[in-house]
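K.L.:
Structure: my_file-v8.csv, CSV, C-alpha atoms.
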chain,number,residue,atom,x,y,z
A,166,TYR,CA,170.5,16.1,-91.6
A,167,PHE,CA,171.8,12.6,-90.9
A,168,THR,CA,175.2,13.7,-89.8
A,169,ASP,CA,173.9,16.6,-87.7
A,170,SER,CA,171.5,14.3,-85.9
A,171,SER,CA,174.3,11.8,-85.3
A,172,ALA,CA,176.5,14.6,-83.8
A,173,SER,CA,173.7,15.9,-81.6
A,174,LEU,CA,172.8,12.4,-80.4
A,175,ALA,CA,176.5,11.5,-79.7
A,176,GLN,CA,177.0,14.7,-77.7
A,177,ALA,CA,173.8,14.1,-75.7
A,178,SER,CA,174.4,10.5,-75.0
A,179,GLY,CA,178.2,10.5,-74.6
A,180,ALA,CA,178.4,7.6,-77.1
A,181,ALA,CA,181.1,7.4,-79.8
A,182,ARG,CA,180.2,9.2,-83.0
A,183,GLU,CA,181.0,6.2,-85.1
A,184,ASP,CA,178.7,4.0,-83.1
A,185,VAL,CA,175.9,6.5,-83.4
A,186,THR,CA,176.3,6.8,-87.2
A,187,SER,CA,176.2,3.0,-87.5
A,188,SER,CA,173.0,2.7,-85.4
A,189,LEU,CA,171.2,5.6,-87.1
A,190,ALA,CA,172.2,4.4,-90.6
A,191,GLY,CA,170.8,1.0,-90.0
A,192,SER,CA,167.5,2.4,-88.6
A,193,PHE,CA,167.2,4.9,-91.4
A,194,ALA,CA,167.8,2.4,-94.1
A,195,ALA,CA,165.3,-0.1,-92.6
A,196,ILE,CA,162.5,2.4,-92.3
A,197,TYR,CA,163.1,3.8,-95.7
A,198,LEU,CA,163.3,0.4,-97.4
A,199,ILE,CA,160.2,-0.9,-95.6
A,200,GLY,CA,158.4,2.2,-97.0
A,201,GLU,CA,159.6,1.3,-100.4
A,202,VAL,CA,158.4,-2.3,-100.2
A,203,GLY,CA,155.0,-1.1,-99.0
A,204,SER,CA,154.7,1.4,-101.8
A,205,LYS,CA,155.5,-1.2,-104.4
A,206,LEU,CA,153.1,-3.7,-103.0
A,207,LEU,CA,150.4,-1.1,-102.7
A,208,PHE,CA,150.9,0.0,-106.3
A,209,SER,CA,150.6,-3.6,-107.5
A,210,ALA,CA,147.5,-4.2,-105.4
A,211,LEU,CA,145.8,-1.1,-106.8
A,212,GLN,CA,146.6,-2.1,-110.3
A,213,ARG,CA,145.0,-5.5,-109.8
A,214,THR,CA,141.8,-3.8,-108.6
A,215,GLY,CA,141.5,-2.3,-112.1
A,216,LEU,CA,142.1,1.2,-111.0
A,217,GLU,CA,143.4,3.5,-113.8
A,218,PRO,CA,147.2,4.0,-113.7
A,219,TRP,CA,146.9,7.8,-113.7
A,220,LEU,CA,144.7,7.7,-110.6
A,221,ILE,CA,147.3,5.5,-108.8
A,222,CYS,CA,150.0,8.0,-109.8
A,223,LEU,CA,147.9,10.9,-108.6
A,224,LEU,CA,147.4,9.1,-105.2
A,225,TYR,CA,151.2,8.7,-104.9
A,226,VAL,CA,151.7,12.4,-105.8
A,227,MET,CA,149.4,13.3,-103.0
A,228,LEU,CA,151.3,11.0,-100.6
A,229,GLY,CA,154.6,12.6,-101.7
A,230,PHE,CA,153.1,16.1,-101.1
A,231,LEU,CA,152.1,15.1,-97.6
A,232,ALA,CA,155.5,13.6,-96.9
A,233,THR,CA,157.1,16.9,-98.0
A,234,LEU,CA,154.9,18.8,-95.7
A,235,GLY,CA,155.9,16.5,-92.9
A,236,THR,CA,159.6,17.4,-93.4
A,237,THR,CA,158.7,21.0,-92.4
A,238,GLN,CA,158.1,19.8,-88.9
A,239,THR,CA,161.6,18.3,-88.4
A,240,HIS,CA,164.3,20.1,-86.4
A,241,ASN,CA,166.3,22.6,-88.5
A,242,PHE,CA,170.0,21.7,-88.6
A,243,LYS,CA,170.7,23.6,-91.7
A,244,ARG,CA,171.7,26.9,-90.1
A,245,ASP,CA,175.3,27.5,-89.3
A,246,SER,CA,176.7,29.1,-86.2
A,247,ASN,CA,175.8,32.6,-87.5
A,248,GLY,CA,172.2,31.7,-88.2
A,249,GLU,CA,172.7,32.0,-92.0
A,250,THR,CA,171.6,29.4,-94.5
A,251,ILE,CA,174.0,28.2,-97.2
A,252,SER,CA,173.1,29.3,-100.8
A,253,PRO,CA,172.4,26.7,-103.5
A,254,LEU,CA,175.6,27.9,-105.3
A,255,GLY,CA,177.5,27.4,-102.1
A,256,LYS,CA,176.3,23.9,-101.8
A,257,VAL,CA,177.4,23.2,-105.4
A,258,PHE,CA,180.8,24.6,-104.6
A,259,THR,CA,181.0,22.3,-101.5
A,260,VAL,CA,180.3,19.3,-103.6
A,261,VAL,CA,182.9,20.2,-106.3
A,262,SER,CA,185.5,21.2,-103.8
A,263,LEU,CA,185.7,17.6,-102.5
A,264,TRP,CA,186.7,16.2,-105.9
A,265,CYS,CA,190.3,17.1,-105.2
A,266,ASP,CA,190.2,14.9,-102.0
A,267,PRO,CA,191.4,11.3,-102.8
A,268,LEU,CA,189.1,10.0,-100.1
A,269,ILE,CA,185.9,10.8,-102.1
A,270,TRP,CA,187.2,8.6,-104.9
A,271,LEU,CA,188.7,5.8,-102.7
A,272,LEU,CA,185.2,5.4,-101.1
A,273,SER,CA,183.4,5.6,-104.5
A,274,PRO,CA,183.5,1.8,-105.5
A,275,THR,CA,180.5,1.0,-103.3
A,276,ASN,CA,178.4,3.7,-104.9
A,277,LEU,CA,179.6,2.8,-108.4
A,278,ALA,CA,179.0,-0.9,-107.9
A,279,PHE,CA,175.5,-0.4,-106.4
A,280,GLY,CA,174.5,2.0,-109.2
A,281,PHE,CA,175.8,-0.2,-112.0
A,282,ALA,CA,174.4,-3.4,-110.5
A,283,ALA,CA,171.0,-1.9,-109.9
A,284,ALA,CA,170.7,-0.8,-113.5
A,285,TYR,CA,172.0,-4.2,-114.7
A,286,MET,CA,169.5,-6.1,-112.6
A,287,ASN,CA,166.5,-3.8,-113.4
A,288,SER,CA,167.1,-3.8,-117.1
A,289,TYR,CA,169.2,-6.7,-118.4
A,290,VAL,CA,168.4,-9.4,-115.8
A,291,ASN,CA,164.7,-8.6,-115.6
A,292,SER,CA,164.1,-8.5,-119.3
A,293,ASN,CA,166.4,-11.4,-120.4
A,294,PHE,CA,166.0,-13.9,-117.5
A,295,VAL,CA,163.1,-13.1,-115.1
A,296,ALA,CA,160.7,-12.4,-117.9
A,297,THR,CA,161.6,-15.6,-119.8
A,298,GLU,CA,162.0,-17.9,-116.8
A,299,LEU,CA,159.2,-16.8,-114.6
A,300,GLY,CA,157.0,-14.5,-116.6
A,301,VAL,CA,156.6,-10.7,-117.0
A,302,ASP,CA,154.2,-10.6,-114.0
A,303,PHE,CA,157.0,-11.6,-111.6
A,304,VAL,CA,159.4,-8.8,-112.6
A,305,SER,CA,158.0,-6.3,-110.1
A,306,SER,CA,157.9,-9.0,-107.4
A,307,MET,CA,161.6,-9.5,-107.8
A,308,ALA,CA,162.2,-5.8,-107.3
A,309,ALA,CA,160.2,-6.0,-104.1
A,310,ILE,CA,162.3,-8.9,-102.9
A,311,THR,CA,165.4,-6.8,-103.3
A,312,ALA,CA,164.0,-4.0,-101.2
A,313,LEU,CA,162.6,-6.4,-98.6
A,314,VAL,CA,166.0,-8.1,-98.2
A,315,ALA,CA,167.7,-4.8,-97.9
A,316,ALA,CA,165.2,-3.6,-95.2
A,317,LEU,CA,165.7,-6.8,-93.2
A,318,LEU,CA,169.5,-6.8,-93.4
A,319,SER,CA,170.1,-3.1,-92.8
A,320,PRO,CA,169.8,-3.4,-89.0
A,321,VAL,CA,171.9,-6.5,-89.1
A,322,TRP,CA,174.7,-4.7,-90.8
A,323,GLY,CA,174.3,-1.8,-88.4
A,324,ALA,CA,174.7,-4.2,-85.5
A,325,LEU,CA,177.7,-5.8,-87.1
A,326,ASN,CA,179.3,-2.4,-87.6
A,327,ARG,CA,179.2,-1.8,-83.8
A,328,ILE,CA,180.7,-5.2,-83.1
A,329,ALA,CA,183.3,-5.7,-85.8
A,330,GLY,CA,183.7,-2.3,-87.4
A,331,LYS,CA,182.3,-0.9,-90.7
A,332,GLY,CA,185.0,-2.7,-92.7
A,333,SER,CA,183.4,-6.0,-92.1
A,334,SER,CA,180.1,-4.8,-93.6
A,335,ILE,CA,181.7,-3.1,-96.5
A,336,ASN,CA,183.6,-6.3,-97.4
A,337,ALA,CA,180.4,-8.3,-97.1
A,338,GLY,CA,178.6,-5.9,-99.4
A,339,ALA,CA,181.4,-6.2,-101.9
A,340,VAL,CA,181.0,-10.0,-101.8
A,341,CYS,CA,177.3,-9.7,-102.4
A,342,PHE,CA,177.8,-7.4,-105.5
A,343,PHE,CA,180.5,-9.8,-106.7
A,344,CYS,CA,178.3,-12.8,-106.5
A,345,ILE,CA,175.8,-11.4,-109.0
A,346,PRO,CA,178.1,-11.4,-112.0
A,347,PHE,CA,179.9,-14.5,-110.6
A,348,CYS,CA,176.7,-16.5,-110.9
A,349,ILE,CA,176.3,-15.4,-114.5
A,350,LEU,CA,179.9,-15.7,-115.7
A,351,ALA,CA,181.0,-18.8,-113.7
A,352,LEU,CA,177.9,-20.7,-112.8
A,353,GLY,CA,176.0,-20.5,-116.0
A,354,CYS,CA,173.1,-18.4,-114.8
A,355,CYS,CA,170.4,-18.1,-115.7
A,356,SER,CA,168.8,-20.3,-118.3
A,357,GLY,CA,166.8,-23.0,-116.6
A,358,TRP,CA,167.3,-21.6,-113.1
A,359,GLY,CA,163.7,-20.9,-112.6
A,360,TRP,CA,163.0,-19.7,-109.0
A,361,TRP,CA,166.7,-19.9,-108.2
A,362,LEU,CA,166.9,-16.5,-109.8
A,363,ILE,CA,165.8,-15.2,-106.4
A,364,LEU,CA,169.4,-15.6,-105.3
A,365,LEU,CA,170.5,-12.8,-107.5
A,366,TYR,CA,168.0,-10.5,-105.9
A,367,VAL,CA,168.9,-11.6,-102.4
A,368,PHE,CA,172.6,-10.7,-103.2
A,369,GLN,CA,171.5,-7.4,-104.7
A,370,GLY,CA,169.3,-6.7,-101.6
A,371,SER,CA,172.1,-7.5,-99.2
A,372,GLY,CA,174.5,-5.3,-101.1
A,373,ARG,CA,171.9,-2.5,-101.2
A,374,ALA,CA,171.5,-2.8,-97.4
A,375,VAL,CA,175.2,-2.1,-97.0
A,376,TYR,CA,175.0,0.8,-99.5
A,377,GLU,CA,172.0,2.4,-97.7
A,378,SER,CA,173.2,1.9,-94.2
A,379,THR,CA,177.0,1.3,-93.7
A,380,ASN,CA,178.1,3.3,-96.7
A,381,ARG,CA,176.2,6.4,-95.5
A,382,ALA,CA,177.7,6.0,-92.0
A,383,MET,CA,181.1,5.6,-93.5
A,384,PHE,CA,180.9,8.8,-95.4
A,385,ALA,CA,179.7,10.6,-92.3
A,386,ASP,CA,182.8,9.2,-90.4
A,387,PHE,CA,185.3,10.1,-93.1
A,388,PHE,CA,183.9,13.6,-93.8
A,389,PRO,CA,182.9,15.3,-90.6
A,390,ALA,CA,181.2,18.7,-90.6
A,391,PRO,CA,181.3,21.0,-92.6
A,392,ASP,CA,182.2,18.6,-95.4
A,393,THR,CA,179.5,16.0,-94.6
A,394,GLU,CA,176.7,17.5,-96.8
A,395,GLY,CA,179.0,17.7,-99.8
A,396,ALA,CA,180.2,14.2,-99.2
A,397,PHE,CA,176.7,12.8,-99.1
A,398,ALA,CA,175.9,14.7,-102.3
A,399,ASN,CA,178.9,13.2,-104.0
A,400,CYS,CA,177.7,9.8,-102.8
A,401,MET,CA,174.4,10.2,-104.6
A,402,PHE,CA,176.1,11.8,-107.6
A,403,GLN,CA,178.4,8.8,-108.0
A,404,SER,CA,175.7,6.1,-107.7
A,405,SER,CA,173.3,8.1,-110.0
A,406,CYS,CA,176.0,8.5,-112.7
A,407,SER,CA,176.9,4.8,-112.5
A,408,PHE,CA,173.2,3.9,-112.8
A,409,ALA,CA,172.8,6.0,-115.9
A,410,ILE,CA,176.1,4.9,-117.5
A,411,SER,CA,175.0,1.3,-117.0
A,412,PHE,CA,171.8,1.9,-118.9
A,413,PHE,CA,173.6,3.7,-121.7
A,414,LEU,CA,176.2,0.9,-122.1
A,415,GLN,CA,173.5,-1.7,-122.4
A,416,ALA,CA,172.9,-0.4,-125.9
A,417,PHE,CA,176.4,-1.2,-126.9
A,418,LEU,CA,177.7,-4.1,-124.7
A,419,ILE,CA,176.5,-7.6,-124.2
A,420,GLY,CA,175.5,-9.0,-120.9
A,421,ARG,CA,178.8,-10.7,-120.1
A,422,HIS,CA,180.7,-7.4,-120.5
A,423,LEU,CA,178.2,-5.6,-118.2
A,424,ALA,CA,178.6,-8.4,-115.6
A,425,THR,CA,182.4,-8.1,-115.8
A,426,ILE,CA,182.2,-4.4,-115.0
A,427,VAL,CA,180.1,-5.1,-112.0
A,428,MET,CA,182.6,-7.7,-110.9
A,429,VAL,CA,185.5,-5.3,-111.2
A,430,LEU,CA,183.7,-2.6,-109.3
A,431,ALA,CA,182.9,-5.0,-106.5
A,432,GLY,CA,186.5,-6.1,-106.3
A,433,LEU,CA,187.6,-2.5,-105.9
A,434,ILE,CA,185.4,-1.9,-102.9
A,435,PRO,CA,187.6,-3.5,-100.2
A,436,VAL,CA,190.8,-2.1,-101.9
A,437,GLY,CA,189.5,1.4,-101.9
A,438,TYR,CA,188.2,1.2,-98.3
A,439,GLN,CA,191.6,-0.1,-97.0
A,440,LEU,CA,193.5,2.7,-98.9
A,441,ALA,CA,191.0,5.3,-97.5
A,442,GLN,CA,191.6,3.9,-94.0
A,443,MET,CA,195.4,4.2,-94.5
A,444,LEU,CA,195.1,7.8,-95.8
A,445,GLN,CA,192.8,8.8,-92.9
A,446,GLN,CA,195.2,7.4,-90.3
A,447,ARG,CA,198.1,9.1,-92.0
A,448,ARG,CA,196.3,12.5,-91.9
A,449,ARG,CA,195.3,11.9,-88.2
A,450,ARG,CA,198.9,11.2,-87.3
A,451,LYS,CA,200.0,14.4,-89.0
A,452,ARG,CA,197.4,16.4,-87.1
A,453,GLU,CA,198.5,14.9,-83.8
A,454,GLU,CA,202.2,15.6,-84.6
A,455,ALA,CA,201.3,19.2,-85.5
A,456,LEU,CA,199.4,19.7,-82.2
A,457,LEU,CA,202.4,18.3,-80.3
A,458,GLN,CA,204.7,20.7,-82.0
A,459,VAL,CA,202.7,23.8,-81.0
A,460,PRO,CA,203.4,23.8,-77.2
A,461,SER,CA,207.2,23.3,-77.9
A,462,MET,CA,207.2,26.3,-80.3
A,463,ASP,CA,205.3,28.4,-77.7
A,464,TYR,CA,207.9,27.4,-75.1
A,465,ARG,CA,210.8,28.4,-77.3
A,466,THR,CA,209.1,31.7,-78.1
A,467,SER,CA,208.7,32.6,-74.5
A,468,GLU,CA,212.3,31.7,-73.7
A,469,ASP,CA,213.5,33.9,-76.5
A,470,GLN,CA,211.4,36.8,-75.2
A,471,ARG,CA,212.9,36.4,-71.7
A,472,GLN,CA,216.4,36.5,-73.1
Let me see whether you can do it: turn the structure in this file into structure tokens.
P.N.:
Amino acid sequence: YFTDSSASLAQASGAAREDVTSSLAGSFAAIYLIGEVGSKLLFSALQRTGLEPWLICLLYVMLGFLATLGTTQTHNFKRDSNGETISPLGKVFTVVSLWCDPLIWLLSPTNLAFGFAAAYMNSYVNSNFVATELGVDFVSSMAAITALVAALLSPVWGALNRIAGKGSSINAGAVCFFCIPFCILALGCCSGWGWWLILLYVFQGSGRAVYESTNRAMFADFFPAPDTEGAFANCMFQSSCSFAISFFLQAFLIGRHLATIVMVLAGLIPVGYQLAQMLQQRRRRKREEALLQVPSMDYRTSEDQRQ
């Protein structure tokens, strides 16, 4: 839906598609993350009123049901030119078919770093540092800070994309993810840090802003229709798998090892992006050369026919 909206808006306004994806990605991420912050704060407030947890969950189920009904009122971009919808099996095939494209893996470090860092922060850092330094009651507050920072910075990264290109935001996100394990491995975090622990959640929020906004726009740029839907599905698949693997590894690895994995994944982000850019430019040049050869071939064919 995101990429179809971007294409329609670019066609209607005459703006470059890359600029439209940057703008929409920043707006989408900001609205989505503000909603997440509000839902977390509302949940905490309802808990403090003494309301039973199952009643709160029921309320959120009802809100989710209303949101689902709201999606039925959106414009339908899902039909192809023949007016036919793609079957679920066809969507799965679209996702798997992109696995042979190196671009899907060169762009994966951002998804992998976000997923691994999110699980690392939510489980290891929360339980081992926040709970001991600040108290269990502040664990949910730290999670809200991450979402709030991401909501505030998403439009900022979107504006930076239009000025300096998406590579600048991707590199900034890599630095943010890198700073989390750097604080733990090099700066001796987090015993005795107290409220300075907020820095880790600010870094995570900033990195998440890049993931939610610039990263989505980047996938839309590298995978135009009809591959965009499959590319977005791969994006979610990679981050979800990384999130799950991080949780599983916490049963076998110590915190320093987990932090090292996050650091390595963060370091791979700019490398993968540059290689993806080089591969994309190489493919573009080949397409242009092929188009230039077509008229000359037609000219030679017509000459041969006259002879």
K.L.:
Please indicate the distance in Å from CA of Leu268 in chain A to CA of Gln445 in chain A, rounded to one decimal place.
P.N.:
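We find that CA of Leu268 in chain A and CA of Gln445 in chain A lie 8.2 Å from each other.
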K.L.:
One decimal, Å: what's the distance from CA of Thr214 in chain A over to CA of Ser305 in chain A, could you say?
P.N.:
16.5 Å
K.L.:
From the list A:Leu263, A:Leu228, A:Val375, A:Leu254, which residue is nearest Val340 in chain A when using all atoms listed in the file?
P.N.:
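Going through A:Leu263, A:Leu228, A:Val375, A:Leu254 one by one, the smallest distance to Val340 in chain A is for A:Val375.
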K.L.:
Determine, counting all atoms listed in the file, which protein, DNA and RNA residues have an atom within 9 Å of an atom of Ser407 in chain A; residues of the same chain fewer than 6 positions away are not included. Present the result as a PyMOL selection string.
P.N.:
chain A and resi 276-282+284
K.L.:
Go ahead and write the residues just picked, C-alpha atoms, as a short mmCIF file (atom, residue, chain, number, x, y, z; two decimals), keeping the file's coordinate frame.
P.N.:
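Saved to part-v3.cif:
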data_model
loop_
_atom_site.label_atom_id
_atom_site.label_comp_id
_atom_site.auth_asym_id
_atom_site.auth_seq_id
_atom_site.Cartn_x
_atom_site.Cartn_y
_atom_site.Cartn_z
CA ASN A 276 178.40 3.70 -104.90
CA LEU A 277 179.60 2.80 -108.40
CA ALA A 278 179.00 -0.90 -107.90
CA PHE A 279 175.50 -0.40 -106.40
CA GLY A 280 174.50 2.00 -109.20
CA PHE A 281 175.80 -0.20 -112.00
CA ALA A 282 174.40 -3.40 -110.50
CA ALA A 284 170.70 -0.80 -113.50
#
K.L.:
Expressed in Å to a single decimal, how great is the separation between CA of Cys406 in chain A and CA of Ile196 in chain A?
P.N.:
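Pair CA of Cys406 in chain A / CA of Ile196 in chain A returns 25.2 Å.
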K.L.:
If we count all atoms listed in the file, what is near Val436 in chain A at a cut-off of 10 Å, once residues fewer than 6 positions away on the same chain are taken out, given as a list in words?
P.N.:
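Counting only the stated atoms, we get Leu271, Leu272, Pro274, Asn336 and Gln442 of chain A.
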K.L.:
Can you spit out the residues from that selection as a CSV table (one decimal), keeping the file's coordinate frame, using C-alpha atoms?
P.N.:
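The resulting again.csv:
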chain,number,residue,atom,x,y,z
A,271,LEU,CA,188.7,5.8,-102.7
A,272,LEU,CA,185.2,5.4,-101.1
A,274,PRO,CA,183.5,1.8,-105.5
A,336,ASN,CA,183.6,-6.3,-97.4
A,442,GLN,CA,191.6,3.9,-94.0
K.L.:
Please write as a PyMOL selection string the list of polymer residues whose atoms come within 12 Å of (185.3, -1.2, -103.2), counting all atoms listed in the file and keeping to the coordinates of the file.
P.N.:
chain A and resi 270-279+332+334-343+372+375-376+380+427-441
K.L.:
Compile the contact shell of Ala190 in chain A as an mmCIF file with C-alpha atoms, keeping the file's coordinate frame: residues with an atom at most 9 Å away, counting all atoms listed in the file, same-chain residues fewer than 6 positions apart removed.
P.N.:
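The result, stored in out.cif:
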data_model
loop_
_atom_site.group_PDB
_atom_site.id
_atom_site.type_symbol
_atom_site.label_atom_id
_atom_site.label_comp_id
_atom_site.auth_asym_id
_atom_site.auth_seq_id
_atom_site.Cartn_x
_atom_site.Cartn_y
_atom_site.Cartn_z
ATOM 1 C CA PHE A 167 171.800 12.600 -90.900
ATOM 2 C CA SER A 319 170.100 -3.100 -92.800
ATOM 3 C CA PRO A 320 169.800 -3.400 -89.000
ATOM 4 C CA GLY A 323 174.300 -1.800 -88.400
ATOM 5 C CA GLU A 377 172.000 2.400 -97.700
ATOM 6 C CA SER A 378 173.200 1.900 -94.200
ATOM 7 C CA THR A 379 177.000 1.300 -93.700
ATOM 8 C CA ASN A 380 178.100 3.300 -96.700
ATOM 9 C CA ARG A 381 176.200 6.400 -95.500
ATOM 10 C CA ALA A 382 177.700 6.000 -92.000
#
K.L.:
Considering all atoms listed in the file, can you say which of A:Ile269, A:Val226, A:Val185, A:Gly200 comes closest to Phe402 in chain A?
P.N.:
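Of the candidates, the smallest distance to Phe402 in chain A is held by A:Ile269.
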K.L.:
Please fill the gaps in range 365-374 of chain A so it has all heavy atoms, and write that as a tab-separated table (two decimals), in the coordinates of the input.
P.N.:
chain	number	residue	atom	x	y	z
A	365	LEU	N	169.93	-14.02	-107.02
A	365	LEU	CA	170.50	-12.80	-107.50
A	365	LEU	C	169.93	-11.56	-106.82
A	365	LEU	O	170.64	-10.60	-106.49
A	365	LEU	CB	170.30	-12.66	-109.04
A	365	LEU	CG	170.92	-13.75	-109.92
A	365	LEU	CD1	170.65	-13.45	-111.38
A	365	LEU	CD2	172.42	-13.88	-109.67
A	366	TYR	N	168.63	-11.61	-106.56
A	366	TYR	CA	168.00	-10.50	-105.90
A	366	TYR	C	168.23	-10.42	-104.44
A	366	TYR	O	168.21	-9.34	-103.84
A	366	TYR	CB	166.46	-10.53	-106.24
A	366	TYR	CG	166.18	-10.31	-107.70
A	366	TYR	CD1	166.22	-11.37	-108.60
A	366	TYR	CD2	165.94	-9.03	-108.19
A	366	TYR	CE1	166.00	-11.17	-109.95
A	366	TYR	CE2	165.71	-8.82	-109.54
A	366	TYR	CZ	165.75	-9.89	-110.42
A	366	TYR	OH	165.54	-9.69	-111.76
A	367	VAL	N	168.51	-11.57	-103.85
A	367	VAL	CA	168.90	-11.60	-102.40
A	367	VAL	C	170.32	-10.96	-102.32
A	367	VAL	O	170.58	-10.15	-101.41
A	367	VAL	CB	168.93	-13.02	-101.90
A	367	VAL	CG1	169.58	-13.07	-100.52
A	367	VAL	CG2	167.51	-13.55	-101.81
A	368	PHE	N	171.23	-11.31	-103.24
A	368	PHE	CA	172.60	-10.70	-103.20
A	368	PHE	C	172.46	-9.19	-103.45
A	368	PHE	O	173.13	-8.41	-102.77
A	368	PHE	CB	173.43	-11.32	-104.34
A	368	PHE	CG	173.87	-12.71	-104.07
A	368	PHE	CD1	173.85	-13.69	-105.06
A	368	PHE	CD2	174.33	-13.07	-102.81
A	368	PHE	CE1	174.26	-14.98	-104.81
A	368	PHE	CE2	174.75	-14.37	-102.54
A	368	PHE	CZ	174.71	-15.33	-103.54
A	369	GLN	N	171.62	-8.78	-104.41
A	369	GLN	CA	171.50	-7.40	-104.70
A	369	GLN	C	170.85	-6.64	-103.47
A	369	GLN	O	171.27	-5.53	-103.11
A	369	GLN	CB	170.56	-7.14	-105.91
A	369	GLN	CG	170.22	-5.71	-106.23
A	369	GLN	CD	171.41	-4.89	-106.70
A	369	GLN	OE1	172.48	-5.45	-106.94
A	369	GLN	NE2	171.25	-3.59	-106.83
A	370	GLY	N	169.88	-7.27	-102.80
A	370	GLY	CA	169.30	-6.70	-101.60
A	370	GLY	C	170.25	-6.54	-100.48
A	370	GLY	O	170.28	-5.52	-99.77
A	371	SER	N	171.08	-7.56	-100.29
A	371	SER	CA	172.10	-7.50	-99.20
A	371	SER	C	173.12	-6.41	-99.51
A	371	SER	O	173.51	-5.66	-98.61
A	371	SER	CB	172.78	-8.86	-99.10
A	371	SER	OG	173.74	-8.84	-98.07
A	372	GLY	N	173.56	-6.33	-100.78
A	372	GLY	CA	174.50	-5.30	-101.10
A	372	GLY	C	173.87	-3.89	-100.98
A	372	GLY	O	174.53	-2.94	-100.54
A	373	ARG	N	172.60	-3.79	-101.32
A	373	ARG	CA	171.90	-2.50	-101.20
A	373	ARG	C	171.80	-2.11	-99.71
A	373	ARG	O	171.87	-0.93	-99.37
A	373	ARG	CB	170.54	-2.54	-101.83
A	373	ARG	CG	169.85	-1.20	-101.77
A	373	ARG	CD	168.48	-1.20	-102.41
A	373	ARG	NE	167.87	0.11	-102.29
A	373	ARG	CZ	166.64	0.42	-102.67
A	373	ARG	NH1	165.89	-0.52	-103.23
A	373	ARG	NH2	166.16	1.63	-102.51
A	374	ALA	N	171.58	-3.09	-98.83
A	374	ALA	CA	171.50	-2.80	-97.40
A	374	ALA	C	172.81	-2.15	-96.91
A	374	ALA	O	172.79	-1.21	-96.11
A	374	ALA	CB	171.21	-4.07	-96.62
